[in-house]
$ cat final.txt   # compact mmCIF, C-alpha atoms and all ligand atoms
# COMPACT_ATOMS: atom_id res chain seq x y z
CA MET T 1 64.51 44.42 136.65
CA PRO T 2 67.13 42.78 138.88
CA SER T 3 70.19 44.85 139.67
CA ILE T 4 73.09 43.77 137.44
CA ASP T 5 76.59 45.20 137.84
CA LEU T 6 79.28 43.79 135.57
CA HIS T 7 82.39 45.80 136.57
CA SER T 8 83.98 46.01 140.03
CA HIS T 9 87.33 45.81 141.82
CA SER T 10 88.72 44.29 145.01
CA THR T 11 92.02 44.26 146.88
CA ALA T 12 93.20 41.71 144.31
CA SER T 13 93.93 44.81 142.18
CA ASP T 14 93.22 48.44 143.11
CA GLY T 15 89.92 48.14 145.00
CA LEU T 16 89.64 49.00 148.68
CA LEU T 17 87.47 46.05 149.79
CA THR T 18 88.47 42.41 150.01
CA PRO T 19 86.53 40.14 147.64
CA SER T 20 84.36 38.93 150.57
CA ALA T 21 83.62 42.47 151.77
CA LEU T 22 82.79 43.52 148.22
CA VAL T 23 80.31 40.65 147.83
CA ALA T 24 78.75 41.42 151.24
CA ARG T 25 78.27 45.05 150.27
CA ALA T 26 76.75 44.08 146.90
CA VAL T 27 74.31 41.73 148.67
CA ALA T 28 73.38 44.52 151.11
CA GLN T 29 72.82 46.87 148.17
CA GLY T 30 70.46 44.37 146.51
CA VAL T 31 72.72 43.47 143.59
CA ALA T 32 71.51 40.24 141.95
CA VAL T 33 74.43 39.70 139.54
CA LEU T 34 77.92 41.05 140.22
CA ALA T 35 81.04 40.60 138.11
CA LEU T 36 84.37 40.91 139.92
CA THR T 37 86.70 42.33 137.25
CA ASP T 38 90.06 43.07 138.84
CA HIS T 39 92.76 44.61 136.67
CA ASP T 40 94.92 42.02 134.91
CA ASP T 41 94.40 39.39 137.63
CA THR T 42 91.89 36.75 138.69
CA GLY T 43 93.32 36.23 142.19
CA GLY T 44 90.19 37.50 143.98
CA LEU T 45 87.68 35.26 142.24
CA ALA T 46 87.87 32.15 144.44
CA GLU T 47 87.23 34.17 147.60
CA ALA T 48 84.40 36.12 145.92
CA MET T 49 82.77 32.91 144.65
CA ALA T 50 82.91 31.38 148.11
CA ALA T 51 81.47 34.54 149.68
CA ALA T 52 78.57 34.56 147.21
CA THR T 53 77.64 30.94 147.94
CA GLY T 54 74.41 30.76 149.90
CA THR T 55 73.50 34.39 149.17
CA PRO T 56 70.96 35.61 146.57
CA LEU T 57 73.86 37.07 144.57
CA THR T 58 75.28 35.41 141.44
CA LEU T 59 78.98 36.11 141.05
CA VAL T 60 80.29 36.35 137.50
CA ALA T 61 83.98 35.54 137.10
CA GLY T 62 85.67 38.43 135.31
CA ALA T 63 88.83 40.45 134.77
CA GLU T 64 89.64 43.84 133.24
CA LEU T 65 92.55 43.58 130.82
CA SER T 66 94.80 46.54 130.00
CA ALA T 67 95.34 46.95 126.26
CA THR T 68 96.80 49.47 123.84
CA TYR T 69 94.96 50.82 120.79
CA GLU T 70 97.26 53.05 118.73
CA THR T 71 98.64 55.34 121.46
CA HIS T 72 95.67 54.89 123.82
CA THR T 73 95.38 52.67 126.87
CA ILE T 74 92.00 50.96 126.78
CA HIS T 75 90.39 48.36 129.01
CA VAL T 76 88.66 45.14 127.95
CA VAL T 77 86.47 43.41 130.53
CA GLY T 78 86.15 39.64 130.28
CA LEU T 79 82.93 38.12 131.67
CA HIS T 80 82.27 34.46 132.51
CA ILE T 81 85.92 33.59 132.09
CA ASP T 82 87.44 30.32 133.27
CA PRO T 83 90.21 31.52 135.59
CA THR T 84 92.04 28.21 135.27
CA ASN T 85 92.59 28.71 131.53
CA GLU T 86 96.33 28.68 130.87
CA ALA T 87 96.27 30.97 127.81
CA LEU T 88 94.43 33.62 129.82
CA GLN T 89 96.75 33.28 132.81
CA GLN T 90 99.84 33.51 130.60
CA GLY T 91 98.35 36.64 128.99
CA LEU T 92 97.59 38.20 132.37
CA ARG T 93 101.14 37.49 133.56
CA THR T 94 102.47 39.21 130.44
CA ILE T 95 100.34 42.29 131.07
CA ARG T 96 101.25 42.44 134.78
CA GLU T 97 104.94 42.00 134.11
CA GLY T 98 105.52 45.58 132.94
CA ARG T 99 103.68 47.19 135.85
CA ASP T 100 106.50 47.34 138.38
CA ARG T 101 108.93 48.84 135.86
CA ARG T 102 106.31 51.36 134.84
CA ALA T 103 105.78 52.22 138.54
CA HIS T 104 109.49 53.03 138.91
CA ARG T 105 109.27 55.27 135.83
CA ILE T 106 106.17 57.00 137.24
CA ALA T 107 108.04 57.61 140.50
CA ALA T 108 111.04 59.02 138.58
CA ALA T 109 108.74 61.33 136.61
CA LEU T 110 107.06 62.51 139.83
CA ALA T 111 110.47 63.08 141.43
CA GLU T 112 111.36 65.32 138.47
CA ALA T 113 108.16 67.23 139.22
CA GLY T 114 109.25 67.72 142.84
CA ILE T 115 107.47 64.76 144.46
CA PRO T 116 110.11 62.40 145.91
CA ASP T 117 109.75 58.83 147.20
CA ALA T 118 106.50 58.10 145.38
CA TYR T 119 107.40 54.48 144.63
CA ALA T 120 107.68 53.62 148.32
CA GLY T 121 104.65 55.79 149.02
CA ALA T 122 102.51 54.01 146.44
CA ARG T 123 103.75 50.61 147.65
CA LYS T 124 102.16 51.30 151.06
CA TYR T 125 98.75 51.19 149.35
CA VAL T 126 99.40 48.03 147.33
CA THR T 127 97.19 45.14 148.47
CA SER T 128 98.31 42.40 146.07
CA GLU T 129 102.00 41.66 145.65
CA ARG T 130 101.27 41.00 141.98
CA LEU T 131 99.97 44.39 140.98
CA ILE T 132 100.87 48.06 141.43
CA SER T 133 98.55 50.58 139.78
CA ARG T 134 98.28 54.31 139.20
CA SER T 135 95.48 54.19 141.80
CA HIS T 136 98.08 53.39 144.47
CA PHE T 137 100.10 56.45 143.45
CA ALA T 138 96.90 58.51 143.50
CA ARG T 139 96.11 57.49 147.08
CA TYR T 140 99.67 58.37 148.16
CA LEU T 141 99.48 61.79 146.49
CA VAL T 142 96.20 62.50 148.31
CA GLU T 143 97.91 61.48 151.57
CA GLN T 144 100.70 63.94 150.74
CA GLY T 145 98.17 66.74 150.27
CA ARG T 146 98.89 67.12 146.54
CA ALA T 147 95.16 67.08 145.75
CA LYS T 148 91.93 66.64 147.66
CA ASN T 149 90.93 63.34 146.07
CA THR T 150 92.20 60.72 143.63
CA ARG T 151 90.13 62.14 140.80
CA GLU T 152 92.03 65.44 141.11
CA VAL T 153 95.36 63.58 141.32
CA PHE T 154 94.63 61.88 138.01
CA LYS T 155 93.66 65.17 136.41
CA ARG T 156 96.80 66.96 137.61
CA TYR T 157 99.49 64.30 137.64
CA LEU T 158 98.68 60.88 136.23
CA THR T 159 96.92 61.23 132.87
CA ALA T 160 98.44 61.71 129.41
CA GLY T 161 100.42 64.93 129.18
CA LYS T 162 100.70 65.39 132.95
CA PRO T 163 104.01 65.27 134.92
CA GLY T 164 103.61 61.77 136.38
CA TYR T 165 102.30 60.08 133.25
CA VAL T 166 104.48 57.60 131.42
CA ALA T 167 103.51 55.84 128.20
CA HIS T 168 103.26 52.08 128.40
CA ALA T 169 102.54 49.31 125.88
CA TRP T 170 100.02 46.75 127.17
CA ALA T 171 98.46 43.86 125.26
CA SER T 172 97.08 44.43 121.76
CA VAL T 173 93.29 44.52 121.38
CA PRO T 174 93.22 41.19 119.48
CA GLN T 175 95.39 39.59 122.20
CA ALA T 176 93.11 40.78 125.01
CA VAL T 177 89.97 39.60 123.22
CA GLY T 178 91.68 36.35 122.25
CA TRP T 179 92.74 35.48 125.80
CA ILE T 180 89.21 36.19 127.09
CA HIS T 181 87.72 33.99 124.39
CA ALA T 182 90.27 31.24 125.03
CA ALA T 183 88.94 31.21 128.60
CA GLY T 184 85.35 30.91 127.33
CA GLY T 185 84.41 34.49 128.21
CA GLN T 186 82.72 37.42 126.54
CA ALA T 187 84.84 40.51 125.78
CA VAL T 188 83.43 43.93 126.69
CA LEU T 189 85.05 47.25 125.77
CA ALA T 190 85.08 49.11 129.10
CA HIS T 191 83.97 52.74 129.52
CA PRO T 192 84.55 53.82 125.88
CA GLY T 193 83.54 57.39 126.71
CA ARG T 194 86.72 57.78 128.74
CA TYR T 195 89.12 57.43 125.82
CA ALA T 196 90.51 60.66 124.40
CA VAL T 197 89.71 59.91 120.76
CA THR T 198 87.81 61.80 118.07
CA ALA T 199 84.54 60.42 116.64
CA THR T 200 86.59 58.95 113.79
CA GLY T 201 89.02 57.45 116.30
CA MET T 202 86.13 55.89 118.23
CA ARG T 203 84.79 54.27 115.07
CA GLY T 204 88.30 52.96 114.37
CA LEU T 205 88.57 51.51 117.87
CA LEU T 206 85.10 49.93 117.69
CA ALA T 207 85.88 48.45 114.26
CA GLU T 208 89.15 46.96 115.55
CA PHE T 209 87.40 45.62 118.65
CA ARG T 210 84.57 44.07 116.62
CA ASP T 211 86.97 42.64 114.04
CA ALA T 212 88.97 41.06 116.88
CA GLY T 213 85.75 39.28 117.92
CA GLY T 214 84.69 41.65 120.71
CA ASP T 215 81.20 40.95 122.03
CA ALA T 216 79.91 44.05 123.82
CA ILE T 217 80.62 47.60 124.98
CA GLU T 218 79.88 49.25 128.29
CA VAL T 219 76.98 51.60 127.70
CA VAL T 220 76.09 52.44 131.29
CA SER T 221 79.14 53.47 133.34
CA PRO T 222 79.92 56.27 135.80
CA SER T 223 82.48 57.43 133.21
CA HIS T 224 79.54 58.32 130.93
CA THR T 225 76.93 61.07 130.93
CA ALA T 226 73.26 60.22 130.34
CA ALA T 227 73.68 61.48 126.77
CA GLN T 228 76.58 59.05 126.33
CA TYR T 229 74.37 56.13 127.41
CA GLU T 230 72.30 56.83 124.29
CA GLU T 231 75.39 57.51 122.18
CA TYR T 232 77.07 54.22 123.08
CA ALA T 233 73.81 52.27 122.78
CA GLY T 234 73.74 53.65 119.23
CA TYR T 235 77.36 52.60 118.58
CA ALA T 236 76.54 49.13 119.90
CA ARG T 237 73.66 48.79 117.43
CA VAL T 238 75.69 50.06 114.48
CA PHE T 239 78.67 47.79 115.22
CA GLY T 240 76.58 44.72 116.08
CA LEU T 241 77.79 44.65 119.71
CA LEU T 242 75.83 43.91 122.88
CA ALA T 243 75.41 46.46 125.69
CA SER T 244 76.84 46.12 129.20
CA ALA T 245 76.57 48.05 132.47
CA GLY T 246 79.01 48.35 135.34
CA SER T 247 79.70 50.65 138.29
CA ASP T 248 83.51 50.22 138.13
CA TYR T 249 83.27 50.22 141.93
CA HIS T 250 86.61 50.58 143.77
CA GLY T 251 85.40 51.07 147.35
CA PRO T 252 83.69 53.43 149.78
CA GLY T 253 84.49 57.07 149.05
CA GLU T 254 85.92 56.41 145.58
CA GLY T 255 84.04 56.87 142.33
CA ALA T 256 80.66 58.32 141.51
CA LEU T 257 78.46 55.21 141.87
CA ASP T 258 77.93 52.68 144.62
CA LEU T 259 77.24 49.02 143.94
CA GLY T 260 73.63 48.63 142.86
CA GLY T 261 73.40 52.31 141.86
CA LEU T 262 73.32 51.83 138.09
CA PRO T 263 70.49 53.19 135.95
CA PRO T 264 68.92 50.78 133.42
CA LEU T 265 70.22 50.34 129.87
CA PRO T 266 68.57 52.63 127.30
CA ALA T 267 65.40 51.21 125.72
CA GLY T 268 66.15 49.06 122.70
CA ALA T 269 69.69 48.09 123.75
CA THR T 270 70.41 44.34 123.69
CA ALA T 271 72.00 43.46 127.02
CA VAL T 272 75.13 41.33 127.15
CA TRP T 273 73.29 39.19 129.73
CA SER T 274 70.24 38.64 127.45
CA ALA T 275 71.49 35.19 126.46
CA TRP T 276 72.72 34.13 129.92
P1 LIG L 301 96.57 51.62 135.76
O1 LIG L 301 95.90 50.38 135.24
O2 LIG L 301 97.62 51.34 136.76
O3 LIG L 301 97.03 52.53 134.67
O4 LIG L 301 95.47 52.41 136.59
C1 LIG L 301 94.23 52.65 136.03
C2 LIG L 301 93.26 52.89 137.16
O5 LIG L 301 93.38 54.21 137.62
C3 LIG L 301 91.83 52.79 136.69
O6 LIG L 301 91.36 51.50 136.74
C4 LIG L 301 91.12 53.62 137.70
O7 LIG L 301 90.95 52.89 138.90
C5 LIG L 301 92.10 54.71 137.96
N1 LIG L 301 91.85 55.88 137.12
C6 LIG L 301 92.21 56.07 135.84
N2 LIG L 301 91.83 57.30 135.41
C7 LIG L 301 91.22 57.87 136.45
C8 LIG L 301 90.62 59.14 136.67
N3 LIG L 301 90.58 60.07 135.69
N4 LIG L 301 90.10 59.39 137.89
C9 LIG L 301 90.17 58.48 138.88
N5 LIG L 301 90.72 57.26 138.73
C10 LIG L 301 91.24 56.97 137.55
MN MN L 302 91.06 50.65 138.82
MN MN L 303 88.98 50.66 133.49
MN MN L 304 87.66 49.12 136.25

$ encode --input "final.txt" --output "structure tokens" --more "lines below"
Ligand code: AMP
Ligand code: MN
Ligand code: MN
Ligand code: MN
Amino acid sequence: MPSIDLHSHSTASDGLLTPSALVARAVAQGVAVLALTDHDDTGGLAEAMAAATGTPLTLVAGAELSATYETHTIHVVGLHIDPTNEALQQGLRTIREGRDRRAHRIAAALAEAGIPDAYAGARKYVTSERLISRSHFARYLVEQGRAKNTREVFKRYLTAGKPGYVAHAWASVPQAVGWIHAAGGQAVLAHPGRYAVTATGMRGLLAEFRDAGGDAIEVVSPSHTAAQYEEYAGYARVFGLLASAGSDYHGPGEGALDLGGLPPLPAGATAVWSAW
């Protein structure tokens, strides 16, 4: 089976590689189909498309939208979106708009916890003037010796209940799905196994996502265990959703999986790309 990876990031959001370098690495790793899915922005797609031209790799235009379900931040990946769609771009601007204010609040919370100057520190890692992310704070805190890697920073400082975490309202789930559909794309619930919900809460989220018109869920993701691949393939079947797979690659040295390193979907799962 060709290598298909439908979730990745570049310097247009919080990835470490430029869109061209990301595509080159995916080609070198034997990826046949790669979706670039930067957070809340499509600014890297033109460069990625150009870089893929003349290579064996097919680039899928994507984005990963930040949304809020009840009190939880969730992510919805859009695949095969038209980046020129005005409804989508207006939606993405709305989502991005709160990020800088949130970053100042994160910095204030970290200052309270004895870590000063984190806003300026995080800014040094920002690679797109349109988007500051918790990842940029995480890289600064590693630089400051607060933890040995970004994963540890998130665990200690930047996730719900920790000193540098601030609540934030993103788009609603129906808005995120609606903007992706307006742009002709398919909506995929990203890494569901990462959300801190009970089994009942997961069914509630999946029902809301499906009722909003959602198309698929990520089944294979580095955020999931092998047992969760089966679990989410089962949820996909029950909720009538397709199954997706993505490495959520952010760059060398970050994350558990390299481009092209994804295991296959569980047997019996209907892939989101089956109709492409
Ligand atoms: P933001 O959209 O600014 O809230 O940042 C979310 C990003 O932080 C995600 O896309 C990941 O890149 C990163 N992230 C979130 N949780 C973790 C975690 N537990 N470990 C490492 N990175 C994380
Ligand atoms: Mn990220
Ligand atoms: Mn995500
Ligand atoms: Mn991601």

$ closest_atom_pairs --input "final.txt" --of "chain T" --to "ligand LIG 301 (chain L)" --cutoff "7 Å" --atoms "all atoms listed in the file" --output "JSON lines"
{"residue": "T:Asp14", "atom": "CA", "partner": "L:LIG301", "partner_atom": "O7", "distance": 6.5}
{"residue": "T:His39", "atom": "CA", "partner": "L:LIG301", "partner_atom": "O1", "distance": 6.7}
{"residue": "T:Ser66", "atom": "CA", "partner": "L:LIG301", "partner_atom": "O1", "distance": 6.6}
{"residue": "T:Ile132", "atom": "CA", "partner": "L:LIG301", "partner_atom": "O2", "distance": 6.6}
{"residue": "T:Ser133", "atom": "CA", "partner": "L:LIG301", "partner_atom": "O2", "distance": 3.3}
{"residue": "T:Arg134", "atom": "CA", "partner": "L:LIG301", "partner_atom": "O2", "distance": 3.9}
{"residue": "T:Ser135", "atom": "CA", "partner": "L:LIG301", "partner_atom": "O5", "distance": 4.7}
{"residue": "T:Thr150", "atom": "CA", "partner": "L:LIG301", "partner_atom": "C9", "distance": 5.6}
{"residue": "T:Arg151", "atom": "CA", "partner": "L:LIG301", "partner_atom": "N4", "distance": 4.0}
{"residue": "T:Phe154", "atom": "CA", "partner": "L:LIG301", "partner_atom": "N3", "distance": 5.0}
{"residue": "T:Lys155", "atom": "CA", "partner": "L:LIG301", "partner_atom": "N3", "distance": 6.0}
{"residue": "T:Thr159", "atom": "CA", "partner": "L:LIG301", "partner_atom": "N2", "distance": 6.9}
{"residue": "T:His250", "atom": "CA", "partner": "L:LIG301", "partner_atom": "O7", "distance": 6.9}

$ write_last_selection --input "final.txt" --atoms "C-alpha atoms" --output "PDB file, keeping the file's coordinate frame"
ATOM      1  CA  ASP T  14      93.220  48.440 143.110  1.00  0.00           C
ATOM      2  CA  HIS T  39      92.760  44.610 136.670  1.00  0.00           C
ATOM      3  CA  SER T  66      94.800  46.540 130.000  1.00  0.00           C
ATOM      4  CA  ILE T 132     100.870  48.060 141.430  1.00  0.00           C
ATOM      5  CA  SER T 133      98.550  50.580 139.780  1.00  0.00           C
ATOM      6  CA  ARG T 134      98.280  54.310 139.200  1.00  0.00           C
ATOM      7  CA  SER T 135      95.480  54.190 141.800  1.00  0.00           C
ATOM      8  CA  THR T 150      92.200  60.720 143.630  1.00  0.00           C
ATOM      9  CA  ARG T 151      90.130  62.140 140.800  1.00  0.00           C
ATOM     10  CA  PHE T 154      94.630  61.880 138.010  1.00  0.00           C
ATOM     11  CA  LYS T 155      93.660  65.170 136.410  1.00  0.00           C
ATOM     12  CA  THR T 159      96.920  61.230 132.870  1.00  0.00           C
ATOM     13  CA  HIS T 250      86.610  50.580 143.770  1.00  0.00           C
TER      14      HIS T 250
END

$ closest_residue --input "final.txt" --among "T:Gln175, T:Ser247, T:Ser274, T:Thr225" --to "T:Thr68" --atoms "only C-alpha atoms"
T:Gln175

$ residues_near_ligand --input "final.txt" --ligand "ligand MN 303 (chain L)" --cutoff "7 Å" --atoms "only C-alpha atoms and all ligand atoms" --output "number ranges by chain"
T: 64, 75, 190-191

$ write_last_selection --input "final.txt" --atoms "C-alpha atoms" --output "CSV table (one decimal), in the frame of the given file"
chain,number,residue,atom,x,y,z
T,64,GLU,CA,89.6,43.8,133.2
T,75,HIS,CA,90.4,48.4,129.0
T,190,ALA,CA,85.1,49.1,129.1
T,191,HIS,CA,84.0,52.7,129.5

$ atom_distance --input "final.txt" --atom1 "atom CA of T:Val177" --atom2 "atom CA of T:Ser20"
27.9 Å

$ residues_near_ligand --input "final.txt" --ligand "ligand MN 304 (chain L)" --cutoff "12 Å" --atoms "all atoms listed in the file" --output "ChimeraX atom specification"
/T:5-10,13-15,35-41,62-66,74-78,133,135,188-192,194,218,221-223,245-251,254-255

$ write_last_selection --input "final.txt" --atoms "C-alpha atoms" --output "compact mmCIF listing (two decimals), keeping the file's coordinate frame"
# COMPACT_ATOMS: atom_id res chain seq x y z
CA ASP T 5 76.59 45.20 137.84
CA LEU T 6 79.28 43.79 135.57
CA HIS T 7 82.39 45.80 136.57
CA SER T 8 83.98 46.01 140.03
CA HIS T 9 87.33 45.81 141.82
CA SER T 10 88.72 44.29 145.01
CA SER T 13 93.93 44.81 142.18
CA ASP T 14 93.22 48.44 143.11
CA GLY T 15 89.92 48.14 145.00
CA ALA T 35 81.04 40.60 138.11
CA LEU T 36 84.37 40.91 139.92
CA THR T 37 86.70 42.33 137.25
CA ASP T 38 90.06 43.07 138.84
CA HIS T 39 92.76 44.61 136.67
CA ASP T 40 94.92 42.02 134.91
CA ASP T 41 94.40 39.39 137.63
CA GLY T 62 85.67 38.43 135.31
CA ALA T 63 88.83 40.45 134.77
CA GLU T 64 89.64 43.84 133.24
CA LEU T 65 92.55 43.58 130.82
CA SER T 66 94.80 46.54 130.00
CA ILE T 74 92.00 50.96 126.78
CA HIS T 75 90.39 48.36 129.01
CA VAL T 76 88.66 45.14 127.95
CA VAL T 77 86.47 43.41 130.53
CA GLY T 78 86.15 39.64 130.28
CA SER T 133 98.55 50.58 139.78
CA SER T 135 95.48 54.19 141.80
CA VAL T 188 83.43 43.93 126.69
CA LEU T 189 85.05 47.25 125.77
CA ALA T 190 85.08 49.11 129.10
CA HIS T 191 83.97 52.74 129.52
CA PRO T 192 84.55 53.82 125.88
CA ARG T 194 86.72 57.78 128.74
CA GLU T 218 79.88 49.25 128.29
CA SER T 221 79.14 53.47 133.34
CA PRO T 222 79.92 56.27 135.80
CA SER T 223 82.48 57.43 133.21
CA ALA T 245 76.57 48.05 132.47
CA GLY T 246 79.01 48.35 135.34
CA SER T 247 79.70 50.65 138.29
CA ASP T 248 83.51 50.22 138.13
CA TYR T 249 83.27 50.22 141.93
CA HIS T 250 86.61 50.58 143.77
CA GLY T 251 85.40 51.07 147.35
CA GLU T 254 85.92 56.41 145.58
CA GLY T 255 84.04 56.87 142.33

$ residues_around --input "final.txt" --residues "T:Asp215" --least-positions-apart "5" --cutoff "9 Å" --atoms "only C-alpha atoms" --output "ChimeraX atom specification"
/T:177,186-189,209-210,240-243,272

$ residues_near_point --input "final.txt" --point "(101.9, 68.1, 137.3)" --cutoff "12 Å" --atoms "only C-alpha atoms" --output "PyMOL selection string"
chain T and resi 106+109-115+141+146-147+152-165

$ residues_around --input "final.txt" --residues "T:Gly91" --least-positions-apart "2" --cutoff "8 Å" --atoms "only C-alpha atoms" --output "list in words"
Ala87, Leu88, Gln89, Arg93, Thr94, Ile95, Gln175, Ala176 and Trp179 of chain T

$ write_last_selection --input "final.txt" --atoms "C-alpha atoms" --output "compact mmCIF listing (two decimals), in the coordinates of the input"
# COMPACT_ATOMS: atom_id res chain seq x y z
CA ALA T 87 96.27 30.97 127.81
CA LEU T 88 94.43 33.62 129.82
CA GLN T 89 96.75 33.28 132.81
CA ARG T 93 101.14 37.49 133.56
CA THR T 94 102.47 39.21 130.44
CA ILE T 95 100.34 42.29 131.07
CA GLN T 175 95.39 39.59 122.20
CA ALA T 176 93.11 40.78 125.01
CA TRP T 179 92.74 35.48 125.80

$ closest_residue --input "final.txt" --among "T:Ala256, T:Ile81, T:Glu70, T:Ala118" --to "T:Ser172" --atoms "only C-alpha atoms"
T:Glu70

$ atom_distance --input "final.txt" --atom1 "atom CA of T:Ala271" --atom2 "atom CA of T:Leu257"
20.0 Å

$ closest_residue --input "final.txt" --among "T:Ala32, T:Met202, T:Ala236, T:Ala50" --to "T:Tyr69" --atoms "all atoms listed in the file"
T:Met202

$ atom_distance --input "final.txt" --atom1 "atom CA of T:Ser128" --atom2 "atom CA of T:Pro19"
12.1 Å

$ decode --input "final.txt" --residues "stretch 136-143 of chain T" --atoms "all heavy atoms" --output "short mmCIF file (atom, residue, chain, number, x, y, z; two decimals), in the first residue's frame"
data_model
loop_
_atom_site.label_atom_id
_atom_site.label_comp_id
_atom_site.auth_asym_id
_atom_site.auth_seq_id
_atom_site.Cartn_x
_atom_site.Cartn_y
_atom_site.Cartn_z
N HIS T 136 5.46 27.22 20.67
CA HIS T 136 6.53 28.21 20.73
C HIS T 136 6.93 28.48 22.19
O HIS T 136 8.12 28.64 22.48
CB HIS T 136 6.11 29.49 20.00
CG HIS T 136 5.73 29.23 18.56
ND1 HIS T 136 4.49 29.53 18.05
CD2 HIS T 136 6.42 28.65 17.55
CE1 HIS T 136 4.44 29.16 16.78
NE2 HIS T 136 5.60 28.62 16.45
N PHE T 137 5.95 28.49 23.08
CA PHE T 137 6.27 28.59 24.51
C PHE T 137 7.04 27.36 24.96
O PHE T 137 8.01 27.46 25.73
CB PHE T 137 4.98 28.73 25.35
CG PHE T 137 4.39 30.11 25.32
CD1 PHE T 137 3.44 30.47 24.38
CD2 PHE T 137 4.80 31.06 26.25
CE1 PHE T 137 2.91 31.75 24.35
CE2 PHE T 137 4.27 32.35 26.23
CZ PHE T 137 3.32 32.69 25.27
N ALA T 138 6.63 26.19 24.48
CA ALA T 138 7.27 24.94 24.90
C ALA T 138 8.75 24.96 24.51
O ALA T 138 9.62 24.56 25.30
CB ALA T 138 6.55 23.75 24.28
N ARG T 139 9.04 25.41 23.30
CA ARG T 139 10.45 25.44 22.85
C ARG T 139 11.26 26.41 23.72
O ARG T 139 12.41 26.14 24.05
CB ARG T 139 10.51 25.79 21.36
CG ARG T 139 9.99 24.63 20.51
CD ARG T 139 9.81 24.95 19.05
NE ARG T 139 9.05 23.84 18.42
CZ ARG T 139 8.22 23.98 17.41
NH1 ARG T 139 8.03 25.16 16.84
NH2 ARG T 139 7.58 22.93 16.93
N TYR T 140 10.66 27.55 24.07
CA TYR T 140 11.36 28.51 24.93
C TYR T 140 11.61 27.92 26.31
O TYR T 140 12.70 28.09 26.88
CB TYR T 140 10.55 29.82 25.03
CG TYR T 140 11.16 30.79 26.01
CD1 TYR T 140 12.40 31.37 25.77
CD2 TYR T 140 10.49 31.13 27.19
CE1 TYR T 140 12.97 32.26 26.68
CE2 TYR T 140 11.04 32.02 28.10
CZ TYR T 140 12.28 32.58 27.84
OH TYR T 140 12.83 33.44 28.73
N LEU T 141 10.63 27.21 26.87
CA LEU T 141 10.82 26.63 28.21
C LEU T 141 11.89 25.53 28.21
O LEU T 141 12.60 25.37 29.19
CB LEU T 141 9.49 26.14 28.78
CG LEU T 141 8.77 27.18 29.66
CD1 LEU T 141 8.46 28.47 28.92
CD2 LEU T 141 7.52 26.61 30.28
N VAL T 142 12.01 24.80 27.09
CA VAL T 142 13.11 23.83 26.98
C VAL T 142 14.44 24.58 26.96
O VAL T 142 15.39 24.24 27.68
CB VAL T 142 12.96 22.95 25.71
CG1 VAL T 142 14.22 22.10 25.50
CG2 VAL T 142 11.73 22.05 25.83
N GLU T 143 14.49 25.66 26.17
CA GLU T 143 15.71 26.49 26.10
C GLU T 143 16.11 26.98 27.49
O GLU T 143 17.30 27.01 27.83
CB GLU T 143 15.45 27.69 25.17
CG GLU T 143 16.58 28.71 25.12
CD GLU T 143 16.07 30.11 24.73
OE1 GLU T 143 15.46 30.25 23.64
OE2 GLU T 143 16.27 31.04 25.53
#
